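**Q** Dropping in run_38.pdb, which is PDB, C-alpha atoms, pLDDT in the B column:
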ATOM      1  CA  MET A 849      81.117  66.047  77.299  1.00 39.00           C
ATOM      2  CA  SER A 850      82.967  68.471  75.053  1.00 39.00           C
ATOM      3  CA  THR A 851      85.686  70.719  76.384  1.00 45.00           C
ATOM      4  CA  HIS A 852      86.722  74.084  75.087  1.00 40.00           C
ATOM      5  CA  SER A 853      90.363  74.121  73.996  1.00 47.00           C
ATOM      6  CA  GLY A 854      90.898  77.454  75.717  1.00 48.00           C
ATOM      7  CA  GLN A 855      89.447  76.561  79.135  1.00 44.00           C
ATOM      8  CA  PRO A 856      91.130  78.425  81.970  1.00 44.00           C
ATOM      9  CA  GLU A 857      93.734  76.580  83.958  1.00 46.00           C
ATOM     10  CA  ILE A 858      93.249  77.483  87.583  1.00 46.00           C
ATOM     11  CA  ARG A 859      96.449  77.243  89.606  1.00 48.00           C
ATOM     12  CA  PHE A 860      96.271  76.674  93.343  1.00 47.00           C
ATOM     13  CA  ASP A 861      99.549  74.806  93.733  1.00 51.00           C
ATOM     14  CA  LYS A 862     102.253  76.941  95.347  1.00 53.00           C
ATOM     15  CA  ALA A 863     105.243  75.137  93.862  1.00 55.00           C
ATOM     16  CA  GLY A 864     107.733  77.762  94.943  1.00 52.00           C
ATOM     17  CA  PRO A 865     108.967  81.150  93.823  1.00 52.00           C
ATOM     18  CA  PHE A 866     110.181  79.869  90.446  1.00 52.00           C
ATOM     19  CA  GLY A 867     107.328  77.462  89.690  1.00 53.00           C
ATOM     20  CA  PHE A 868     104.874  78.458  86.974  1.00 52.00           C
ATOM     21  CA  GLU A 869     102.095  77.460  89.356  1.00 51.00           C
ATOM     22  CA  GLY A 870     103.715  79.457  92.113  1.00 50.00           C
ATOM     23  CA  VAL A 871     103.411  82.427  94.313  1.00 49.00           C
ATOM     24  CA  ALA A 872     102.815  85.069  91.621  1.00 52.00           C
ATOM     25  CA  PHE A 873      99.139  84.085  91.579  1.00 63.00           C
ATOM     26  CA  VAL A 874      98.328  84.768  95.228  1.00 72.00           C
ATOM     27  CA  PRO A 875      98.012  88.146  96.917  1.00 83.00           C
ATOM     28  CA  LYS A 876     101.145  89.417  98.594  1.00 86.00           C
ATOM     29  CA  VAL A 877     101.150  91.223 101.910  1.00 89.00           C
ATOM     30  CA  ILE A 878     103.453  93.910 103.282  1.00 89.00           C
ATOM     31  CA  THR A 879     103.203  94.685 107.008  1.00 90.00           C
ATOM     32  CA  VAL A 880     104.598  97.811 108.633  1.00 90.00           C
ATOM     33  CA  ARG A 881     104.751  98.911 112.260  1.00 92.00           C
ATOM     34  CA  LYS A 882     105.163 102.692 112.505  1.00 91.00           C
ATOM     35  CA  THR A 883     106.315 104.134 115.820  1.00 92.00           C
ATOM     36  CA  VAL A 884     105.379 107.813 115.832  1.00 90.00           C
ATOM     37  CA  LEU A 885     107.862 110.130 117.559  1.00 88.00           C
ATOM     38  CA  SER A 886     106.804 113.388 115.915  1.00 88.00           C
ATOM     39  CA  SER A 887     104.809 114.780 113.026  1.00 90.00           C
ATOM     40  CA  ALA A 888     106.507 113.267 109.999  1.00 90.00           C
ATOM     41  CA  SER A 889     106.013 111.249 106.848  1.00 91.00           C
ATOM     42  CA  ASP A 890     107.920 108.094 105.992  1.00 90.00           C
ATOM     43  CA  ASP A 891     108.423 106.596 102.555  1.00 91.00           C
ATOM     44  CA  PHE A 892     108.941 102.880 103.105  1.00 88.00           C
ATOM     45  CA  TRP A 893     108.116 100.697 100.089  1.00 91.00           C
ATOM     46  CA  ALA A 894     108.616 100.930  96.346  1.00 92.00           C
ATOM     47  CA  ILE A 895     105.358  99.607  94.941  1.00 93.00           C
ATOM     48  CA  PRO A 896     106.322  97.513  91.892  1.00 91.00           C
ATOM     49  CA  ALA A 897     105.128  98.669  88.478  1.00 93.00           C
ATOM     50  CA  GLY A 898     102.145  96.631  87.338  1.00 92.00           C
ATOM     51  CA  SER A 899     100.799  96.091  90.861  1.00 92.00           C
ATOM     52  CA  PHE A 900      97.226  96.385  92.087  1.00 95.00           C
ATOM     53  CA  VAL A 901      96.907  97.351  95.764  1.00 96.00           C
ATOM     54  CA  SER A 902      93.558  95.890  96.774  1.00 95.00           C
ATOM     55  CA  ARG A 903      93.389  96.524 100.504  1.00 96.00           C
ATOM     56  CA  VAL A 904      95.151  98.692 103.072  1.00 97.00           C
ATOM     57  CA  VAL A 905      94.397  98.336 106.789  1.00 97.00           C
ATOM     58  CA  ALA A 906      95.722 100.585 109.579  1.00 97.00           C
ATOM     59  CA  ILE A 907      95.339  99.636 113.253  1.00 97.00           C
ATOM     60  CA  VAL A 908      96.203 101.846 116.228  1.00 97.00           C
ATOM     61  CA  GLU A 909      98.435  99.780 118.510  1.00 97.00           C
ATOM     62  CA  THR A 910      99.269 102.619 120.920  1.00 96.00           C
ATOM     63  CA  ALA A 911      97.225 105.819 120.825  1.00 95.00           C
ATOM     64  CA  LEU A 912      98.836 108.862 119.225  1.00 94.00           C
ATOM     65  CA  ASN A 913      99.056 111.381 122.044  1.00 92.00           C
ATOM     66  CA  ALA A 914      98.282 114.754 120.430  1.00 89.00           C
ATOM     67  CA  THR A 915      94.646 115.878 120.661  1.00 84.00           C
ATOM     68  CA  ASP A 916      94.693 116.734 116.961  1.00 92.00           C
ATOM     69  CA  ALA A 917      96.652 113.640 115.855  1.00 94.00           C
ATOM     70  CA  LYS A 918      95.984 112.342 112.351  1.00 94.00           C
ATOM     71  CA  PHE A 919      97.422 109.418 110.377  1.00 95.00           C
ATOM     72  CA  THR A 920      97.278 108.865 106.621  1.00 95.00           C
ATOM     73  CA  VAL A 921      98.382 106.120 104.249  1.00 96.00           C
ATOM     74  CA  GLY A 922      99.106 106.807 100.611  1.00 96.00           C
ATOM     75  CA  VAL A 923     101.939 107.459  98.200  1.00 96.00           C
ATOM     76  CA  ASP A 924     104.499 110.239  97.960  1.00 92.00           C
ATOM     77  CA  GLY A 925     102.364 112.239  95.511  1.00 92.00           C
ATOM     78  CA  ASP A 926      99.047 111.634  97.338  1.00 94.00           C
ATOM     79  CA  ALA A 927      99.645 111.059 101.063  1.00 93.00           C
ATOM     80  CA  ASP A 928      96.049 109.998 101.780  1.00 93.00           C
ATOM     81  CA  MET A 929      95.370 107.884  98.692  1.00 96.00           C
ATOM     82  CA  PHE A 930      94.280 104.858 100.775  1.00 97.00           C
ATOM     83  CA  ILE A 931      93.436 106.108 104.263  1.00 96.00           C
ATOM     84  CA  THR A 932      92.611 109.758 104.874  1.00 95.00           C
ATOM     85  CA  SER A 933      93.022 111.774 108.062  1.00 92.00           C
ATOM     86  CA  THR A 934      89.265 111.566 108.689  1.00 93.00           C
ATOM     87  CA  ASP A 935      88.928 107.798 108.230  1.00 94.00           C
ATOM     88  CA  PHE A 936      89.612 106.907 111.872  1.00 92.00           C
ATOM     89  CA  ASP A 937      90.378 108.260 115.323  1.00 93.00           C
ATOM     90  CA  VAL A 938      94.015 107.529 116.227  1.00 95.00           C
ATOM     91  CA  SER A 939      93.638 108.665 119.857  1.00 93.00           C
ATOM     92  CA  THR A 940      92.356 105.230 120.988  1.00 94.00           C
ATOM     93  CA  ALA A 941      94.240 101.928 120.802  1.00 96.00           C
ATOM     94  CA  GLY A 942      92.365  99.303 118.788  1.00 97.00           C
ATOM     95  CA  ASN A 943      90.743 101.741 116.372  1.00 96.00           C
ATOM     96  CA  TRP A 944      91.264 100.806 112.740  1.00 96.00           C
ATOM     97  CA  ALA A 945      90.567 101.917 109.196  1.00 96.00           C
ATOM     98  CA  THR A 946      90.690 100.368 105.752  1.00 96.00           C
ATOM     99  CA  ASN A 947      90.725 101.887 102.293  1.00 95.00           C
ATOM    100  CA  ILE A 948      87.626  99.848 101.471  1.00 94.00           C
ATOM    101  CA  GLY A 949      85.606 101.745 104.082  1.00 86.00           C
ATOM    102  CA  SER A 950      86.930 105.177 103.152  1.00 89.00           C
ATOM    103  CA  THR A 951      84.505 107.643 101.638  1.00 86.00           C
ATOM    104  CA  LEU A 952      87.191 110.150 100.613  1.00 90.00           C
ATOM    105  CA  ALA A 953      90.293 108.170  99.603  1.00 91.00           C
ATOM    106  CA  ASP A 954      91.141 108.017  95.885  1.00 91.00           C
ATOM    107  CA  GLY A 955      92.174 104.379  96.315  1.00 93.00           C
ATOM    108  CA  ALA A 956      89.034 103.317  98.233  1.00 92.00           C
ATOM    109  CA  LYS A 957      88.362 100.567  95.683  1.00 94.00           C
ATOM    110  CA  GLY A 958      92.030  99.723  95.251  1.00 94.00           C
ATOM    111  CA  LYS A 959      94.604 101.229  92.939  1.00 96.00           C
ATOM    112  CA  TYR A 960      96.508  99.930  89.919  1.00 96.00           C
ATOM    113  CA  PHE A 961     100.063 101.244  89.536  1.00 96.00           C
ATOM    114  CA  ALA A 962     101.177 101.124  85.902  1.00 95.00           C
ATOM    115  CA  ALA A 963     104.460 102.697  87.028  1.00 96.00           C
ATOM    116  CA  SER A 964     106.275 102.153  90.302  1.00 95.00           C
ATOM    117  CA  ASP A 965     105.374 104.485  93.160  1.00 96.00           C
ATOM    118  CA  ILE A 966     106.492 105.034  96.744  1.00 95.00           C
ATOM    119  CA  ALA A 967     104.184 104.129  99.646  1.00 95.00           C
ATOM    120  CA  ARG A 968     104.010 106.738 102.411  1.00 95.00           C
ATOM    121  CA  LEU A 969     102.772 106.854 105.997  1.00 94.00           C
ATOM    122  CA  ALA A 970     102.204 110.290 107.530  1.00 94.00           C
ATOM    123  CA  ALA A 971     101.444 111.343 111.098  1.00 93.00           C
ATOM    124  CA  THR A 972     100.551 114.887 112.079  1.00 92.00           C
ATOM    125  CA  GLY A 973      99.533 116.660 115.243  1.00 91.00           C
ATOM    126  CA  THR A 974     100.505 119.529 117.512  1.00 90.00           C
ATOM    127  CA  THR A 975     103.276 118.342 119.865  1.00 89.00           C
ATOM    128  CA  LEU A 976     102.830 114.753 118.684  1.00 91.00           C
ATOM    129  CA  THR A 977     105.465 112.662 120.493  1.00 89.00           C
ATOM    130  CA  SER A 978     104.307 109.036 120.677  1.00 92.00           C
ATOM    131  CA  GLY A 979     102.053 106.323 119.323  1.00 94.00           C
ATOM    132  CA  THR A 980     102.217 103.199 117.178  1.00 95.00           C
ATOM    133  CA  VAL A 981     100.199 102.205 114.116  1.00 96.00           C
ATOM    134  CA  ARG A 982     100.339  98.879 112.261  1.00 96.00           C
ATOM    135  CA  VAL A 983      99.608  98.922 108.530  1.00 95.00           C
ATOM    136  CA  LEU A 984      98.921  96.020 106.185  1.00 94.00           C
ATOM    137  CA  PHE A 985      99.062  96.279 102.374  1.00 94.00           C
ATOM    138  CA  GLU A 986      97.508  93.484 100.303  1.00 93.00           C
ATOM    139  CA  TYR A 987      98.509  93.596  96.652  1.00 92.00           C
ATOM    140  CA  TYR A 988      98.803  91.614  93.428  1.00 90.00           C
ATOM    141  CA  GLU A 989     101.732  91.869  91.040  1.00 87.00           C
ATOM    142  CA  VAL A 990      99.494  91.825  87.965  1.00 86.00           C
ATOM    143  CA  GLY A 991     102.367  92.407  85.544  1.00 79.00           C
ATOM    144  CA  GLU A 992     104.230  89.441  87.022  1.00 75.00           C
ATOM    145  CA  MET A 993     101.100  87.290  86.873  1.00 74.00           C
ATOM    146  CA  PHE A 994     100.761  87.841  83.124  1.00 72.00           C
ATOM    147  CA  THR A 995     104.495  87.483  82.513  1.00 70.00           C
ATOM    148  CA  ARG A 996     104.570  84.120  84.275  1.00 61.00           C
ATOM    149  CA  GLY A 997     101.647  82.713  82.304  1.00 60.00           C
ATOM    150  CA  ILE A 998      97.989  83.432  81.885  1.00 59.00           C
ATOM    151  CA  HIS A 999      95.100  81.166  82.748  1.00 57.00           C
ATOM    152  CA  PHE A1000      93.059  81.693  79.601  1.00 56.00           C
ATOM    153  CA  GLN A1001      93.735  82.999  76.146  1.00 59.00           C
ATOM    154  CA  GLU A1002      91.481  82.874  73.099  1.00 58.00           C
TER     155      GLU A1002
END
Represent the structure contained in this file as structure tokens.

**A**
Amino acid sequence: MSTHSGQPEIRFDKAGPFGFEGVAFVPKVITVRKTVLSSASDDFWAIPAGSFVSRVVAIVETALNATDAKFTVGVDGDADMFITSTDFDVSTAGNWATNIGSTLADGAKGKYFAASDIARLAATGTTLTSGTVRVLFEYYEVGEMFTRGIHFQE
């Protein structure tokens, strides 16, 4: 059987943060628990340059109490890039949304960030005073993956 000299080397070993085989090749996850006390936006994470955010999930832990309550997930220049205000009802605990299911979000199929950006959560509503939403970001540091070694090169 002949082998191609440039066959990909698939790395599943997680040898540690400094190992060539290591963690740079698996998705990373950021989790946030946002307690809503009023209508406000919060910038909470500097998305590294060269990252691809593949999935964002928001789950209502405690219902937001304003009848017109809305919750969005995005970046400082586009507050509903991943989850828009119409993606889910935040008045019921257990409701959830994901960017993948969004029909209006710019980042519905994920988003590559060539330059660093700031992730933002925003809650709005008349006399909004309470509620809790959990948010999960799944992302890949693509720039780091290629810096630390590629699987295949011709």

**Q** Running the PyMOL selection byres ((chain A and resi 950) around 10) on this model by hand, what would come out? Give it as a tab-separated table (two decimals) with C-alpha atoms, in the frame of the given file.

**A**
chain	number	residue	atom	x	y	z
A	929	MET	CA	95.37	107.88	98.69
A	930	PHE	CA	94.28	104.86	100.78
A	931	ILE	CA	93.44	106.11	104.26
A	932	THR	CA	92.61	109.76	104.87
A	934	THR	CA	89.26	111.57	108.69
A	935	ASP	CA	88.93	107.80	108.23
A	936	PHE	CA	89.61	106.91	111.87
A	945	ALA	CA	90.57	101.92	109.20
A	946	THR	CA	90.69	100.37	105.75
A	947	ASN	CA	90.72	101.89	102.29
A	948	ILE	CA	87.63	99.85	101.47
A	949	GLY	CA	85.61	101.74	104.08
A	951	THR	CA	84.50	107.64	101.64
A	952	LEU	CA	87.19	110.15	100.61
A	953	ALA	CA	90.29	108.17	99.60
A	954	ASP	CA	91.14	108.02	95.88
A	955	GLY	CA	92.17	104.38	96.32
A	956	ALA	CA	89.03	103.32	98.23
A	957	LYS	CA	88.36	100.57	95.68

**Q** Under the rule that all atoms listed in the file are counted, which of A:Ser899, A:Thr879, A:Thr940, A:Ser889 is the nearest residue to A:Ala962?

**A** A:Ser899

**Q** So which residues get picked by the PyMOL selection byres ((chain A and resi 913-916) around 9) here, written as a ChimeraX atom specification?

**A** /A:910-912,917-918,938-939,972-979

**Q** Kindly indicate which residue among A:Met993, A:Ala967, A:Ala927, A:Ala941 lies nearest to A:Val901, using all atoms listed in the file for the distances.

**A**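 Of A:Met993, A:Ala967, A:Ala927, A:Ala941, the one nearest A:Val901 is A:Ala967, counting all atoms listed in the file.
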
**Q** Do you have the atom CA of A:Arg903-atom CA of A:Val981 distance handy?

**A**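 If I compute the distance from atom CA of A:Arg903 to atom CA of A:Val981, I get 16.2 Å.
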
**Q** Restricting the calculation to all atoms listed in the file: of A:Thr883, A:Val921, A:Thr995, A:Glu989, which residue gets closest to A:Ser964?

**A**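 Nearest to A:Ser964: A:Glu989.
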
**Q** What is the atom CA of A:Asp937 to atom CA of A:Ile907 distance in Å?

**A** 10.2 Å

**Q** Name the closest residue to A:Asp924 among the candidates A:Val990, A:Leu984, A:Ala894, A:Val880; distances are taken between atoms, counting only C-alpha atoms.

**A** A:Ala894

**Q** Have a look at atom CA of A:Glu986 and atom CA of A:Pro875 and let me know their distance in Å, one decimal.

**A** 6.3 Å

**Q** Return as lines of an AutoDock Vina configuration file the box centre and box size in Å, one decimal, for an axis-aligned box around all listed atoms of stretch 969-977 of chain A padded by 5 Å per side.

**A**
center_x = 102.5
center_y = 113.2
center_z = 113.2
size_x = 15.9
size_y = 22.7
size_z = 24.5
